[in-house]
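Below: one structure, written as structure tokens.
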Amino acid sequence: MNSKATSSTEPEVTLDLVKQHGLNEEEYEMIVKILNRKPTYTELGIFSVMWSEHCSYKNSIAILKTFPRDGASLLAKAGEENAGAVDIGNGQAIIFKIESHNHPSAVEPYQGAATGVGGIMRDIFTMGARPIACLDSLRFGNLSSPRVRYLFDGVVRGIGDYGNCFGVPTVAGEVYFDESYTGNPLVNAMCIGVVKVDQIARAKAEGEGNPVLLVGASTGRDGIHGVTFASEEISEKSEQRRPSVQIGDPFMEKLLMEATLEIIKEDLIVGIQDLGGAGLTCATSETAARGKSGIEIDISLVPVREENLIPYEIMLSESQERMLVIAKKGYEKKVQEIFHKWGLNSVIIGQVTDDRMLRVKNAGKVVAEIPAASLVLGGGAPVYIREKRKPKYLEDANRFNPSELEVPPDFDSVLLKLLGSPNLASKKWVYEQYDTMVRTATVVGPGSDAAVLRLRKTNQAIATSTDCNGRYCYLNPRMGGRIAVAEAARNVVCSGAKPLAITNCLNFGNPYDPEVYWTFTECVAGMSEACRTFETPVTGGNVSFYNEDPQRIVYPTPVVGMIGLIEDLKHVTTMWFKEEGDLIVLLGENREELGASEYLKVIYNLVKGETPELDLHKEKGVQDACLEMIRNGWIKSAHDCSEGGIAAALAESCISSPNRLGAKIRLGDKIRADALLFGETQSRIIVTVKPEHWSDLEKIAQKHQIPFSVLGKVEGHNLNIEGWIDLPVSKLAEVYESAIDRIMEKKVEAVRK
Amino acid sequence: MKFGVVVFPGSNCDYDAYMVAKSVVRQEVEFLWHQDTSLHNCDCIILPGGFSYGDYLRTGAIARFSPIMKKVIEFAKDGGMVAGICNGFQILLESGLLPGAMLRNTSLRFICKFVQLKVENKDTPFTNMCNQGQVLRIPIAHTDGNYFIPEEGLKQLLENDQIVFRYCDERGNITPAANPNGSLDNIAGICNRAKTILGMMPHPERASEIILGSEDGKYVFRSIVNFFNPGR
């Protein structure tokens, strides 16, 4: 069915209506100036979504431009295309990006998360790349709350059902729990794809007269103003925004991908862009602006799934699984045949023009006419630098004197408590609901430092990880930003890869709050410093502001999605202990740093102190040394020290070893025992080697001028840290692996009993 | 010999099965499109895993009506070899080529992990390279893999040695704890009376290269090849 032109009169554009659309008076004046007249209702809708925070990055773009965004192997720079593109040699490129779907998931966790996954995958295959892996970085409140459990359960199901059906393995990510995310969970989805360098599709409209097609699902009322919803805080009223949440259909998306990759491979198109946030409006205006062209469409031709949609709704609908295709003139029939083969709609709705206007008609009558460039980021969209101020809370939060805390008498129970706390515990309950293996490329799945995916027809592999500790960023945003990048790099290095590039998802509160804006700029500065050190440019990503509920602002959470390249499959390294008798060696050093630790939070319920110091030079040395040791073939396991400190890291290497191998450890450092065991000093990697390689390792460590010490050896089936901890690995494993299961499956257990 | 891998809209393990046939056991292999009405002289048809037609309605329920399935059913009834993996198994049940039905997993969740399978019958074209009682390590990935069959049907499966794989622990013990989804009698895979049609929930194509964590799935593919070219 096609939409019928409605005769219903459209609301008159008033300042009140403008404000309801999330635009201020000043912005409205800009619109009037651009158009040289009052906008129509449809035009107001178009401006409001394109100038929303979500689409325009108006409050962040000036800061984002300070990220290092250049690199020799970059094929598409941040913002140029739907996702970043990195050349990995052999004529292949990696396309990858991370994006948030926080607000929809706060209201409707299942569909919110599912469409988050769907949206990021479209960003990847719209560039001609077949998705090879997804990652999900998640944050929720405390699991003791039933509402939080509902959100957690729904998000995990949504991610699983979408990715599993589509047929992409979900291989890594993180899940953290903290009260700051209670009403406003974070759902950041990342996707990685592979494409031949000469087959990367571009998101632009060029060539006057080239036909413009809308393909895939039909258009309905779902998701209207999704982007505006994403640009305000979560409140009691958010429930009313439920219709702004899109509905996903992974089966349709799978067909859409196959058809899309086919038309790109057959070289039938000049440009293509997926319809995500701001739907048809965003896809038409952005492709036209990028191609320095215009686009003219007639929305009466758009296939719809509901009656009486008005032009405003069609332009703003965020119905999922749709793409805008700019075909080469004369090849549109061929494009349509391919979509027909996959059982999908493909309708010519307009053409490329040379007047640089976005012109929307309804059955021939013009309903909107706007210079395309005026709508987009980098064109006419507003750019603001907001006021910033160092937050008041920091003075009190950073003040912390560990000597006021007693050193606990029994570290066995402390370790068990830490391993059983949801942040440290195994995330098996989550990732066993994801298909982690489909497409048979997963060499290392979830549960090691990074996931590893082989690249077919080569001897190479990609390692990938997402990282961010929000508590670190809360207590010191600059250091937290640095650590997020450093830890992601450390994780891919531990897996045998050289870090290549990052994407990021910057989750913050309301940017009009000067304290929020300060933490935002500080995090970006810290990340930038680290990216320069590791030579990992930022290839793009997403900013999500307004992550607040009425009680609280989320911790500043700039999630880093890192990819690294493993040159030879022989270098793939995992975190678990391999063989009794192997030496356990620490690269880096233990320092007395208890601030911001999981230990303080779990044992003393304190979010206090200074974030651990991260010296970028030292960090780089540790990573370079580790990678060199791996490439020399000496390293049998490598694991980074993060939350829970050295004790948790050792426990994880024991628990994850298939034979539950133990370790005998002696820590000689003269620092307070709890800081030594559970402090989160940065730039530490625990590796194991055969004893005969000890001197080889020492040479490499000296070359990179890094501290280096032997902690003990792999032995028996107990984790024994002399003087402090002695526990059977089976006991550690039981606590670690069942913690989340026990919280989430209470009902099931009750039934079983 | 020649494998044929059926591609339904929504199949997503088609490529994985194809690659094992081609690159691991090095046989001729071809994709068969769901709208095709010919099996292109394939000797063994694989119905791969995935979500055929989105699995809306019920798993495998729509796929059985596709044009290619008409041919596959004829072929199977004539004694042709067919292996259904995961969604393929579900389609075989819906088509009536194998007895029984799938219920939701008892956890009511999708489960993806490595499990152990015990080879309960090595005298089939799909398991002739295994030892009786051998334990294979192969992953599962499904929401509806809780196999059910009424008592009378189970009796027949047992009498005719139609149970090919059962979920077991590392030592080969068939225990409730080793049953990941609630399947009756820990059943993971069955065949027809003639032993020419196999349905199994675990994914042998995901465990056919050591780099993926296990090569045990290769036994199934090598057995099929061995059946056609004995002693190769």
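Chain lettering (A, B, ...) mirrors the order of the structure tokens, residue numbering begins at 1 for each chain separately, and ligand numbering begins at 1 in order of display.
Residue-level contact on chain A: within 8 Å of chain B, counting only C-alpha atoms, the set is Gly160, Cys165, Phe166, Gly167, Pro250, Phe251, Met252, Lys254, Leu255, Trp342, Tyr431, Glu432, Gln433, Tyr434, Asp435, Thr436, Met437, Val438, Arg439, Thr440, Ala441, Thr442, Val443, Val444 and Val748 of chain A.
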*Nearby residues (only C-alpha atoms) at most 9 Å from Met357 of chain A, same-chain spacing under 4 positions excluded, as a PyMOL selection string*: chain A and resi 285+288-289+293-296+353+369-373
- Message: Among segment 26-75 of chain B, which residues does DSSP mark as strand (DSSP E or B) when it is run on the backbone? Keep the chain and numbering as in the structure and answer as a list in words.
- Response: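 Matching residues for strand (DSSP E or B) in segment 26-75 of chain B are Glu28, Val29, Glu30, Phe31, Leu32, Trp33, Cys44, Ile45, Ile46, Leu47 and Gly50 of chain B.
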Keeping C-alpha atoms for every residue in the selection just given, could you write it to a file as a PDB file, in the first residue's frame?
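This went into result34.pdb:
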ATOM      1  CA  GLU B  28      32.693 -31.040  -4.068  1.00  0.00           C
ATOM      2  CA  VAL B  29      29.985 -28.837  -2.563  1.00  0.00           C
ATOM      3  CA  GLU B  30      27.256 -26.560  -3.837  1.00  0.00           C
ATOM      4  CA  PHE B  31      24.724 -24.160  -2.313  1.00  0.00           C
ATOM      5  CA  LEU B  32      21.107 -25.030  -3.112  1.00  0.00           C
ATOM      6  CA  TRP B  33      18.776 -22.014  -3.147  1.00  0.00           C
ATOM      7  CA  CYS B  44      24.359 -35.707   0.681  1.00  0.00           C
ATOM      8  CA  ILE B  45      22.116 -32.764   1.474  1.00  0.00           C
ATOM      9  CA  ILE B  46      22.894 -30.603   4.494  1.00  0.00           C
ATOM     10  CA  LEU B  47      20.112 -28.538   6.030  1.00  0.00           C
ATOM     11  CA  GLY B  50      20.085 -20.622  11.340  1.00  0.00           C
TER      12      GLY B  50
END
So which residues of segment 413-613 of chain A fall under alpha helix (DSSP H) by DSSP, listed as a ChimeraX atom specification?
/A:413-419,428-431,470-475,477-494,514-534,598-604
